[in-house]
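Data file: my_file24.pdb. Format and content: PDB, C-alpha atoms.
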```
ATOM      1  CA  MET A 850     -12.698  14.629 -15.868
ATOM      2  CA  LYS A 851     -10.235  12.113 -17.270
ATOM      3  CA  PHE A 852      -9.053   9.197 -15.137
ATOM      4  CA  GLY A 853      -6.110   6.907 -15.839
ATOM      5  CA  VAL A 854      -6.143   3.426 -14.286
ATOM      6  CA  VAL A 855      -2.565   2.151 -14.067
ATOM      7  CA  VAL A 856      -2.206  -1.536 -14.923
ATOM      8  CA  PHE A 857       0.757  -3.566 -13.658
ATOM      9  CA  PRO A 858       1.322  -7.231 -14.472
ATOM     10  CA  GLY A 859      -0.720  -8.900 -11.736
ATOM     11  CA  SER A 860      -3.160  -6.045 -11.092
ATOM     12  CA  ASN A 861      -6.658  -7.513 -10.817
ATOM     13  CA  CYS A 862      -8.972  -4.673  -9.804
ATOM     14  CA  GLU A 863      -8.331  -2.440 -12.803
ATOM     15  CA  MET A 864     -11.513  -3.540 -14.610
ATOM     16  CA  ASP A 865     -13.635  -2.839 -11.523
ATOM     17  CA  CYS A 866     -12.192   0.683 -11.277
ATOM     18  CA  TYR A 867     -12.599   1.253 -15.011
ATOM     19  CA  HIS A 868     -16.213   0.027 -14.855
ATOM     20  CA  VAL A 869     -17.151   2.347 -11.990
ATOM     21  CA  ILE A 870     -15.530   5.399 -13.596
ATOM     22  CA  ASP A 871     -17.021   4.664 -17.021
ATOM     23  CA  LYS A 872     -20.480   3.303 -16.210
ATOM     24  CA  VAL A 873     -21.288   4.740 -12.767
ATOM     25  CA  LEU A 874     -19.439   8.077 -12.673
ATOM     26  CA  ARG A 875     -19.756   8.450 -16.454
ATOM     27  CA  GLU A 876     -16.354  10.070 -16.722
ATOM     28  CA  GLU A 877     -13.581   9.485 -19.239
ATOM     29  CA  VAL A 878     -11.156   6.696 -18.400
ATOM     30  CA  ASP A 879      -8.175   4.905 -19.973
ATOM     31  CA  TYR A 880      -6.015   2.021 -18.888
ATOM     32  CA  VAL A 881      -2.394   3.128 -18.455
ATOM     33  CA  TRP A 882       0.040   0.254 -19.067
ATOM     34  CA  HIS A 883       2.992   0.019 -16.671
ATOM     35  CA  GLN A 884       5.425   0.670 -19.547
ATOM     36  CA  GLU A 885       4.012   4.124 -20.283
ATOM     37  CA  THR A 886       6.059   7.152 -19.341
ATOM     38  CA  ASP A 887       3.627  10.043 -19.910
ATOM     39  CA  VAL A 888       0.584  10.440 -17.669
ATOM     40  CA  SER A 889       0.184  14.197 -18.106
ATOM     41  CA  ARG A 890      -3.147  13.926 -19.962
ATOM     42  CA  TYR A 891      -5.011  12.636 -16.878
ATOM     43  CA  ASP A 892      -6.798  14.556 -14.130
ATOM     44  CA  CYS A 893      -6.564  11.684 -11.673
ATOM     45  CA  LEU A 894      -4.546   8.459 -11.578
ATOM     46  CA  VAL A 895      -5.842   5.278  -9.962
ATOM     47  CA  LEU A 896      -3.407   2.574  -8.817
ATOM     48  CA  PRO A 897      -5.711  -0.426  -8.464
ATOM     49  CA  GLY A 898      -5.573  -3.503  -6.268
ATOM     50  CA  GLY A 899      -4.144  -6.881  -7.142
ATOM     51  CA  PHE A 900      -0.874  -8.718  -6.808
ATOM     52  CA  SER A 901       1.505  -6.683  -8.949
ATOM     53  CA  TYR A 902       4.495  -8.788  -9.982
ATOM     54  CA  GLY A 903       3.084 -11.591  -7.856
ATOM     55  CA  ASP A 904       3.790  -9.514  -4.743
ATOM     56  CA  TYR A 905       7.232 -11.129  -4.890
ATOM     57  CA  LEU A 906       9.816  -9.851  -2.393
ATOM     58  CA  ARG A 907       7.294  -7.462  -0.753
ATOM     59  CA  CYS A 908       3.900  -6.162  -1.879
ATOM     60  CA  GLY A 909       4.509  -3.339  -4.344
ATOM     61  CA  ALA A 910       8.319  -3.554  -4.105
ATOM     62  CA  ILE A 911       8.881  -4.500  -7.735
ATOM     63  CA  ALA A 912       5.965  -2.541  -9.208
ATOM     64  CA  ARG A 913       7.397   0.686  -7.827
ATOM     65  CA  PHE A 914      10.309   0.372 -10.278
ATOM     66  CA  SER A 915       7.987   0.037 -13.304
ATOM     67  CA  PRO A 916       8.633   2.713 -15.932
ATOM     68  CA  VAL A 917       5.234   4.286 -15.273
ATOM     69  CA  MET A 918       6.049   4.880 -11.602
ATOM     70  CA  GLU A 919       8.619   7.556 -12.379
ATOM     71  CA  ALA A 920       5.900   9.412 -14.287
ATOM     72  CA  VAL A 921       3.429   8.815 -11.441
ATOM     73  CA  ALA A 922       5.953  10.208  -8.929
ATOM     74  CA  ASP A 923       6.536  13.343 -11.036
ATOM     75  CA  TYR A 924       2.790  13.732 -11.479
ATOM     76  CA  ALA A 925       2.238  13.426  -7.715
ATOM     77  CA  ARG A 926       5.066  15.837  -6.875
ATOM     78  CA  GLY A 927       3.476  18.335  -9.255
ATOM     79  CA  GLY A 928       0.229  18.173  -7.268
ATOM     80  CA  GLY A 929      -1.574  15.632  -9.485
ATOM     81  CA  LEU A 930      -4.345  13.578  -7.898
ATOM     82  CA  VAL A 931      -3.291   9.974  -7.231
ATOM     83  CA  ILE A 932      -5.322   7.326  -5.406
ATOM     84  CA  GLY A 933      -3.796   3.951  -4.526
ATOM     85  CA  ILE A 934      -6.244   1.237  -3.530
ATOM     86  CA  CYS A 935      -5.001  -1.844  -1.627
ATOM     87  CA  ASN A 936      -2.007  -3.056  -3.678
ATOM     88  CA  GLY A 937      -1.962   0.459  -5.159
ATOM     89  CA  PHE A 938      -1.536   1.816  -1.610
ATOM     90  CA  GLN A 939       1.286  -0.672  -1.001
ATOM     91  CA  ILE A 940       2.999   0.510  -4.201
ATOM     92  CA  LEU A 941       2.717   4.172  -3.095
ATOM     93  CA  LEU A 942       4.342   3.227   0.241
ATOM     94  CA  GLU A 943       7.180   1.344  -1.456
ATOM     95  CA  ALA A 944       7.678   4.280  -3.829
ATOM     96  CA  GLY A 945       7.950   6.663  -0.867
ATOM     97  CA  LEU A 946       5.016   8.764  -2.099
ATOM     98  CA  LEU A 947       3.321   7.986   1.206
ATOM     99  CA  PRO A 948       5.110   7.246   4.510
ATOM    100  CA  GLY A 949       5.198   3.877   6.273
ATOM    101  CA  ALA A 950       5.057   0.220   5.285
ATOM    102  CA  MET A 951       2.731  -2.768   5.404
ATOM    103  CA  LEU A 952       3.229  -5.850   7.549
ATOM    104  CA  ARG A 953       1.256  -9.076   7.397
ATOM    105  CA  ASN A 954      -2.159  -9.011   9.028
ATOM    106  CA  THR A 955      -1.781  -9.978  12.681
ATOM    107  CA  CYS A 956      -4.283 -12.820  12.148
ATOM    108  CA  LEU A 957      -1.928 -14.204   9.439
ATOM    109  CA  HIS A 958      -4.661 -14.775   6.912
ATOM    110  CA  PHE A 959      -6.190 -13.028   3.971
ATOM    111  CA  ILE A 960      -9.224 -10.996   5.027
ATOM    112  CA  CYS A 961     -12.018 -10.375   2.515
ATOM    113  CA  ARG A 962     -15.079  -8.722   4.059
ATOM    114  CA  PHE A 963     -16.927  -5.474   4.609
ATOM    115  CA  VAL A 964     -15.470  -3.210   7.290
ATOM    116  CA  ASP A 965     -16.647   0.042   8.842
ATOM    117  CA  LEU A 966     -14.444   3.093   8.377
ATOM    118  CA  ARG A 967     -14.618   6.425  10.128
ATOM    119  CA  VAL A 968     -13.901   9.513   8.046
ATOM    120  CA  GLU A 969     -11.348  11.383  10.152
ATOM    121  CA  ASN A 970     -10.815  14.351   7.863
ATOM    122  CA  ALA A 971     -13.617  15.474   5.548
ATOM    123  CA  SER A 972     -11.830  18.458   4.058
ATOM    124  CA  THR A 973      -9.597  16.625   1.601
ATOM    125  CA  PRO A 974      -9.919  16.143  -2.168
ATOM    126  CA  TRP A 975     -10.982  12.548  -1.401
ATOM    127  CA  THR A 976     -13.548  13.058   1.369
ATOM    128  CA  ASN A 977     -15.124  16.495   0.891
ATOM    129  CA  ALA A 978     -18.487  14.863   0.068
ATOM    130  CA  ALA A 979     -18.460  13.133   3.473
ATOM    131  CA  GLU A 980     -18.883  14.508   6.953
ATOM    132  CA  ALA A 981     -16.185  14.168   9.604
ATOM    133  CA  GLY A 982     -17.070  11.170  11.749
ATOM    134  CA  GLN A 983     -19.245   9.602   9.052
ATOM    135  CA  VAL A 984     -18.993   5.813   8.936
ATOM    136  CA  LEU A 985     -18.466   4.180   5.541
ATOM    137  CA  ARG A 986     -19.058   0.475   4.879
ATOM    138  CA  ILE A 987     -16.542  -0.680   2.263
ATOM    139  CA  PRO A 988     -14.869  -4.088   1.773
ATOM    140  CA  ILE A 989     -11.220  -4.922   2.342
ATOM    141  CA  ALA A 990      -9.406  -7.842   0.678
ATOM    142  CA  HIS A 991      -5.775  -8.213   1.676
ATOM    143  CA  ASN A 992      -3.093 -10.211   3.480
ATOM    144  CA  GLU A 993      -0.742  -7.289   4.181
ATOM    145  CA  GLY A 994      -2.763  -4.353   5.505
ATOM    146  CA  ASN A 995      -1.098  -4.036   8.884
ATOM    147  CA  TYR A 996       0.117  -0.466   8.494
ATOM    148  CA  THR A 997       3.212   0.571  10.421
ATOM    149  CA  VAL A 998       5.254   3.754  10.622
ATOM    150  CA  ASP A 999       7.786   5.257  13.049
ATOM    151  CA  ALA A1000       6.417   7.135  16.068
ATOM    152  CA  GLY A1001       7.515  10.561  14.830
ATOM    153  CA  THR A1002       5.804  10.185  11.462
ATOM    154  CA  LEU A1003       2.669   8.792  13.113
ATOM    155  CA  ARG A1004       2.479  11.939  15.227
ATOM    156  CA  GLU A1005       2.872  14.079  12.095
ATOM    157  CA  LEU A1006       0.094  12.173  10.345
ATOM    158  CA  GLN A1007      -2.174  12.676  13.367
ATOM    159  CA  GLU A1008      -1.362  16.352  13.852
ATOM    160  CA  GLN A1009      -1.673  17.245  10.178
ATOM    161  CA  GLY A1010      -5.007  15.463   9.724
ATOM    162  CA  ARG A1011      -3.461  13.082   7.225
ATOM    163  CA  ILE A1012      -5.129   9.993   8.661
ATOM    164  CA  ILE A1013      -8.216   9.978   6.472
ATOM    165  CA  LEU A1014      -9.927   6.670   7.302
ATOM    166  CA  ARG A1015      -9.735   4.479  10.416
ATOM    167  CA  TYR A1016     -11.224   1.052  11.038
ATOM    168  CA  CYS A1017     -14.132   1.404  13.457
ATOM    169  CA  ALA A1018     -17.275  -0.245  14.812
ATOM    170  CA  PRO A1019     -20.600   0.398  13.008
ATOM    171  CA  ASP A1020     -21.302   3.218  15.495
ATOM    172  CA  GLY A1021     -17.985   4.894  14.696
ATOM    173  CA  THR A1022     -16.087   3.788  17.802
ATOM    174  CA  VAL A1023     -12.429   3.142  17.058
ATOM    175  CA  SER A1024     -11.050   0.281  19.143
ATOM    176  CA  GLU A1025      -8.817  -2.761  19.077
ATOM    177  CA  GLU A1026     -11.873  -4.949  18.328
ATOM    178  CA  SER A1027     -12.683  -2.969  15.199
ATOM    179  CA  ASN A1028      -9.136  -3.324  13.860
ATOM    180  CA  PRO A1029      -9.162  -6.195  11.328
ATOM    181  CA  ASN A1030      -5.440  -6.427  10.569
ATOM    182  CA  GLY A1031      -3.439  -4.881  13.414
ATOM    183  CA  ALA A1032      -2.818  -1.584  11.602
ATOM    184  CA  MET A1033      -1.190   1.054  13.801
ATOM    185  CA  ASP A1034      -3.779   3.486  15.198
ATOM    186  CA  ASN A1035      -6.476   1.605  13.160
ATOM    187  CA  ILE A1036      -5.194   3.358  10.035
ATOM    188  CA  ALA A1037      -7.034   2.379   6.841
ATOM    189  CA  GLY A1038      -6.142   5.357   4.661
ATOM    190  CA  ILE A1039      -3.645   8.250   4.685
ATOM    191  CA  CYS A1040      -2.666  11.230   2.548
ATOM    192  CA  ASN A1041       0.640  12.893   1.722
ATOM    193  CA  GLU A1042       1.385  16.406   2.969
ATOM    194  CA  GLY A1043      -0.308  18.000  -0.018
ATOM    195  CA  PHE A1044      -3.389  15.758   0.281
ATOM    196  CA  ASN A1045      -3.207  15.055  -3.477
ATOM    197  CA  VAL A1046      -1.971  11.490  -2.906
ATOM    198  CA  PHE A1047      -4.325   9.122  -1.078
ATOM    199  CA  GLY A1048      -3.680   5.484  -0.181
ATOM    200  CA  LEU A1049      -6.301   3.212   1.337
ATOM    201  CA  MET A1050      -6.698  -0.512   1.923
ATOM    202  CA  PRO A1051     -10.517  -0.655   1.441
ATOM    203  CA  HIS A1052     -11.889  -0.958  -2.098
ATOM    204  CA  PRO A1053     -14.291   1.921  -2.894
ATOM    205  CA  GLU A1054     -14.793   0.494  -6.407
ATOM    206  CA  ARG A1055     -16.405  -2.585  -4.823
ATOM    207  CA  ALA A1056     -18.904  -0.427  -2.942
ATOM    208  CA  SER A1057     -20.101   1.947  -5.633
ATOM    209  CA  GLU A1058     -23.308   0.208  -6.784
ATOM    210  CA  ALA A1059     -26.341  -0.891  -4.726
ATOM    211  CA  VAL A1060     -26.223  -4.361  -6.277
ATOM    212  CA  LEU A1061     -22.856  -4.911  -4.565
ATOM    213  CA  GLY A1062     -24.302  -4.243  -1.111
ATOM    214  CA  SER A1063     -22.991  -0.725  -0.484
ATOM    215  CA  THR A1064     -22.643   2.568  -2.298
ATOM    216  CA  ASP A1065     -20.494   4.150   0.421
ATOM    217  CA  GLY A1066     -17.432   4.047  -1.841
ATOM    218  CA  MET A1067     -19.111   6.660  -4.037
ATOM    219  CA  VAL A1068     -18.189   9.289  -1.440
ATOM    220  CA  ILE A1069     -14.552   8.979  -2.488
ATOM    221  CA  TRP A1070     -15.272   9.298  -6.225
ATOM    222  CA  GLU A1071     -17.799  12.111  -5.744
ATOM    223  CA  SER A1072     -15.330  13.984  -3.556
ATOM    224  CA  VAL A1073     -12.498  13.877  -6.064
ATOM    225  CA  MET A1074     -14.849  14.909  -8.884
ATOM    226  CA  ALA A1075     -16.170  17.822  -6.790
ATOM    227  CA  HIS A1076     -12.603  18.810  -5.931
ATOM    228  CA  TYR A1077     -11.616  18.744  -9.598
ATOM    229  CA  ARG A1078     -14.668  20.708 -10.739
ATOM    230  CA  GLY A1079     -14.320  23.227  -7.896
ATOM    231  CA  ARG A1080     -10.836  23.948  -9.070
ATOM    232  CA  GLY A1081     -12.203  24.447 -12.534
TER     233      GLY A1081
ATOM    234  CA  MET B 425      31.145 -14.804  -6.508
ATOM    235  CA  LYS B 426      28.446 -16.085  -4.199
ATOM    236  CA  VAL B 427      26.479 -13.575  -2.164
ATOM    237  CA  SER B 428      24.038 -14.281   0.640
ATOM    238  CA  VAL B 429      21.628 -11.662   1.886
ATOM    239  CA  PHE B 430      19.675 -12.132   5.111
ATOM    240  CA  VAL B 431      16.653  -9.862   5.482
ATOM    241  CA  SER B 432      14.931  -9.846   8.842
ATOM    242  CA  PRO B 433      12.193  -7.840  10.561
ATOM    243  CA  LYS B 434      13.672  -4.887  12.441
ATOM    244  CA  GLN B 435      13.802  -5.117  16.223
ATOM    245  CA  GLY B 436      10.665  -3.515  17.564
ATOM    246  CA  VAL B 437       8.679  -4.181  14.392
ATOM    247  CA  LEU B 438       5.828  -6.610  14.875
ATOM    248  CA  ASP B 439       6.436  -9.996  13.203
ATOM    249  CA  PRO B 440       3.070 -11.806  13.147
ATOM    250  CA  ALA B 441       4.510 -14.925  11.461
ATOM    251  CA  GLY B 442       7.345 -15.117  14.010
ATOM    252  CA  GLN B 443       4.895 -14.729  16.900
ATOM    253  CA  ALA B 444       2.647 -17.513  15.552
ATOM    254  CA  THR B 445       5.650 -19.801  15.075
ATOM    255  CA  LEU B 446       6.871 -19.024  18.600
ATOM    256  CA  GLY B 447       3.458 -20.060  19.945
ATOM    257  CA  SER B 448       3.540 -23.270  17.935
ATOM    258  CA  LEU B 449       7.067 -24.173  19.102
ATOM    259  CA  LYS B 450       5.998 -23.615  22.710
ATOM    260  CA  SER B 451       2.949 -25.825  22.248
ATOM    261  CA  LEU B 452       5.313 -28.549  20.994
ATOM    262  CA  GLY B 453       7.231 -28.289  24.261
ATOM    263  CA  PHE B 454      10.180 -26.190  23.124
ATOM    264  CA  ASP B 455       9.902 -23.973  26.189
ATOM    265  CA  GLU B 456      13.434 -22.634  25.840
ATOM    266  CA  VAL B 457      12.464 -20.562  22.785
ATOM    267  CA  SER B 458      11.838 -16.976  23.812
ATOM    268  CA  ASP B 459      11.713 -15.210  20.436
ATOM    269  CA  VAL B 460      11.255 -16.118  16.769
ATOM    270  CA  ARG B 461      11.811 -13.713  13.874
ATOM    271  CA  ILE B 462      11.107 -14.831  10.321
ATOM    272  CA  GLY B 463      12.907 -13.202   7.426
ATOM    273  CA  LYS B 464      14.250 -14.012   3.974
ATOM    274  CA  TYR B 465      17.436 -15.626   2.775
ATOM    275  CA  ILE B 466      18.455 -14.477  -0.712
ATOM    276  CA  THR B 467      21.389 -15.967  -2.640
ATOM    277  CA  MET B 468      22.917 -14.371  -5.720
ATOM    278  CA  ARG B 469      25.807 -15.053  -8.060
ATOM    279  CA  LEU B 470      27.756 -11.972  -9.192
ATOM    280  CA  GLU B 471      30.055 -11.839 -12.213
ATOM    281  CA  GLY B 472      32.840  -9.401 -13.149
ATOM    282  CA  VAL B 473      33.226  -7.598  -9.823
ATOM    283  CA  ASP B 474      35.760  -7.955  -7.025
ATOM    284  CA  ALA B 475      34.795  -8.422  -3.384
ATOM    285  CA  GLU B 476      35.016  -4.726  -2.567
ATOM    286  CA  GLN B 477      32.839  -3.699  -5.524
ATOM    287  CA  ALA B 478      30.415  -6.516  -4.740
ATOM    288  CA  GLU B 479      30.066  -5.286  -1.173
ATOM    289  CA  ALA B 480      29.099  -1.793  -2.341
ATOM    290  CA  ARG B 481      26.781  -3.025  -5.089
ATOM    291  CA  VAL B 482      24.939  -5.472  -2.842
ATOM    292  CA  GLN B 483      24.583  -2.799  -0.177
ATOM    293  CA  GLU B 484      22.873  -0.618  -2.773
ATOM    294  CA  MET B 485      20.675  -3.525  -3.952
ATOM    295  CA  CYS B 486      19.513  -4.043  -0.380
ATOM    296  CA  GLU B 487      18.811  -0.379   0.238
ATOM    297  CA  ARG B 488      16.932   0.112  -3.024
ATOM    298  CA  LEU B 489      15.031  -3.134  -3.451
ATOM    299  CA  LEU B 490      15.849  -6.226  -1.424
ATOM    300  CA  ALA B 491      14.961  -4.784   1.995
ATOM    301  CA  ASN B 492      12.551  -2.099   3.136
ATOM    302  CA  PRO B 493      14.493  -0.001   5.683
ATOM    303  CA  ILE B 494      11.266   1.001   7.456
ATOM    304  CA  ILE B 495      10.550  -2.546   8.611
ATOM    305  CA  GLU B 496      13.610  -4.660   7.795
ATOM    306  CA  ASP B 497      17.320  -5.031   8.562
ATOM    307  CA  PHE B 498      19.738  -6.853   6.284
ATOM    308  CA  LYS B 499      23.076  -8.588   6.516
ATOM    309  CA  VAL B 500      25.344  -9.432   3.576
ATOM    310  CA  GLU B 501      27.848 -12.297   3.300
ATOM    311  CA  ILE B 502      30.217 -12.547   0.343
ATOM    312  CA  GLU B 503      32.169 -15.716  -0.461
ATOM    313  CA  GLY B 504      35.225 -15.503  -2.726
TER     314      GLY B 504
END
```
Kindly transcribe the structure held in the file into C-alpha cells.
Amino acid sequence: MKFGVVVFPGSNCEMDCYHVIDKVLREEVDYVWHQETDVSRYDCLVLPGGFSYGDYLRCGAIARFSPVMEAVADYARGGGLVIGICNGFQILLEAGLLPGAMLRNTCLHFICRFVDLRVENASTPWTNAAEAGQVLRIPIAHNEGNYTVDAGTLRELQEQGRIILRYCAPDGTVSEESNPNGAMDNIAGICNEGFNVFGLMPHPERASEAVLGSTDGMVIWESVMAHYRGRG
Amino acid sequence: MKVSVFVSPKQGVLDPAGQATLGSLKSLGFDEVSDVRIGKYITMRLEGVDAEQAEARVQEMCERLLANPIIEDFKVEIEG
C-alpha cells in the first residue's frame, strides 16, 4: 500500500506520519509537496497536523487553495482514501470535503494531552479493526477543535453513522465533562458520505508506538490497510 | 480605492473569545455590556476597478476566502 503525506508550508506532523507508515506499518510512503498536482499514484493520502500557512485568516483557509488541494479534492470525489489529522481535518473542512467548521476551544487555550475517544462506527475504512464502543486513548494538540455544524447537517451525520469518534470518559461515557474543547455533540472525528474521507482532531501517529504511551492509534492505520487489502 | 471588510461570528455561533471578554468587562464594572462579539477588520487597497466592480469582486473574495459562511458574517465598506 502506498501512502502520500501532503506537506504544506507550516505542516509540522508530516515526519511523524511518515515515520509511522515507514517504520511501524512498513508500507511505502512519499511526501507530497503542496505544489504537486498529481496524486493518482497513492492508495491513501494523509493531510498531517501543523499550522499550514501560519493558520492565518482561519485554520486551513489558505492551505485549501494550494495547488495540491484541487488534486486531493478530485481524488476524494473519485473515492480515494483521504485522512486529515488536526490541521489536516481543518483543511478538509475549509475545502468543503467534510461539512462544518472549527471554532476556538471554549477554554481559549491550546490543549495538548491524551484524551479518550469512543468509536461510534466500527464499519468504516478507518475503524474496521476496532469494535463499536471501544475506547481509544490518543492525544490531541490544538487551539481550534471546537467543531460546529448546522443542526440539519448534524442530524445527517448522526443518522448516517458519520460521527466516527467522540470525546468520552475512560469508561466510554460521553458527557460535557469529557469534552475538552466544546465540540458539538463531543465530535472528534467525522466522515464524508462515502466514508472515504476521514477528519479527526486526535493524532493517531502520536499513539502508534508503545514508547509514546499508547498504541491505540494503530487501530486507524490497521483499519485502512485492512480495507485496502480487502478490496484487493 | 480603499476597502474595509468586517468579519464577525454569525449570530447563534458560539464566540468563546467574545464570551471571555464579556466576563472580563463585567468584572471591571462595565455592567451595561450585555454581549461581546470578536471578529476581524481587514483593509485592502484595490487598483483599476470602479466602485461597482470592486463591490462584486470583494463580495467574491469574502465568499471564497475572507469569511467562512458556516460560522461568519461579513460587511463591506468601499471608500472612493
| request: Skip A:Val1046 itself and residues of its chain fewer than 6 positions away, then list as a list in words all residues within 10 Å of it, counting only C-alpha atoms. | output: Cys893, Leu894, Ala925, Arg926, Gly928, Gly929, Leu930, Val931, Ile932, Gly933, Phe938, Leu941, Leu946, Leu947, Pro974, Trp975, Ile1039 and Cys1040 of chain A
Do me a favour and pick out the residues of chain B within 8 Å of chain A, using only C-alpha atoms, as a JSON list (two decimals) with C-alpha atoms, keeping the file's coordinate frame.
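result-v2.json was written with the following content:
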```json
[["chain", "number", "residue", "atom", "x", "y", "z"],
["B", 438, "LEU", "CA", 5.83, -6.61, 14.88],
["B", 439, "ASP", "CA", 6.44, -10.00, 13.20],
["B", 440, "PRO", "CA", 3.07, -11.81, 13.15],
["B", 441, "ALA", "CA", 4.51, -14.92, 11.46],
["B", 489, "LEU", "CA", 15.03, -3.13, -3.45],
["B", 490, "LEU", "CA", 15.85, -6.23, -1.42],
["B", 492, "ASN", "CA", 12.55, -2.10, 3.14],
["B", 494, "ILE", "CA", 11.27, 1.00, 7.46],
["B", 495, "ILE", "CA", 10.55, -2.55, 8.61]]
```
Please list as a PDB file with C-alpha atoms, in the coordinates of the input every residue within 9 Å of A:Ile960, counting all atoms listed in the file and excluding residues in the same chain fewer than 2 positions away.
```
ATOM      1  CA  ASN A 954      -2.159  -9.011   9.028  1.00  0.00           C
ATOM      2  CA  CYS A 956      -4.283 -12.820  12.148  1.00  0.00           C
ATOM      3  CA  HIS A 958      -4.661 -14.775   6.912  1.00  0.00           C
ATOM      4  CA  ARG A 962     -15.079  -8.722   4.059  1.00  0.00           C
ATOM      5  CA  ILE A 989     -11.220  -4.922   2.342  1.00  0.00           C
ATOM      6  CA  ALA A 990      -9.406  -7.842   0.678  1.00  0.00           C
ATOM      7  CA  HIS A 991      -5.775  -8.213   1.676  1.00  0.00           C
ATOM      8  CA  ASN A 992      -3.093 -10.211   3.480  1.00  0.00           C
ATOM      9  CA  PRO A1029      -9.162  -6.195  11.328  1.00  0.00           C
ATOM     10  CA  ASN A1030      -5.440  -6.427  10.569  1.00  0.00           C
TER      11      ASN A1030
END
```
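The smallest atom-to-atom distance between A:Ile1013 and any of A:Ile987, A:Met1050, A:Val968, A:Met1033, using only C-alpha atoms, is found for A:Val968.
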| Mind telling me what the PyMOL selection byres ((chain B and resi 498-504) around 8) catches here, as a PyMOL selection string? | chain B and resi 425-432+475+478-479+482-483+486+491+496-497
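Relative to atom CA of A:Ala979, atom CA of A:Ala1075 is found at 11.5 Å.
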| message | Evaluated on this file, the PyMOL selection byres ((chain A and resi 1034) around 10) picks out some residues - which ones are they, written as a list in words? | response | Tyr996, Thr997, Leu1003, Gln1007, Ile1012, Arg1015, Tyr1016, Val1023, Ser1024, Glu1025, Asn1028, Gly1031, Ala1032, Met1033, Asn1035, Ile1036 and Ala1037 of chain A
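With all atoms listed in the file as the atoms that count, the minimum distance from A:Arg986 to the choices A:Glu919, A:Asp1020, A:Glu1071, A:Asp871 is reached by A:Asp1020.
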Axis-aligned box over every listed atom of stretch 867-871 of chain A, padded by 3 Å per side: centre and edges in Å to one decimal, as JSON?
```
{"center_x": -14.9, "center_y": 2.7, "center_z": -14.5, "size_x": 10.6, "size_y": 11.4, "size_z": 11.0}
```
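The spacing separating atom CA of A:Leu874 from atom CA of A:Leu896 amounts to 17.4 Å.
You will find atom CA of A:Ser1072 at 19.0 Å from atom CA of A:Cys935.
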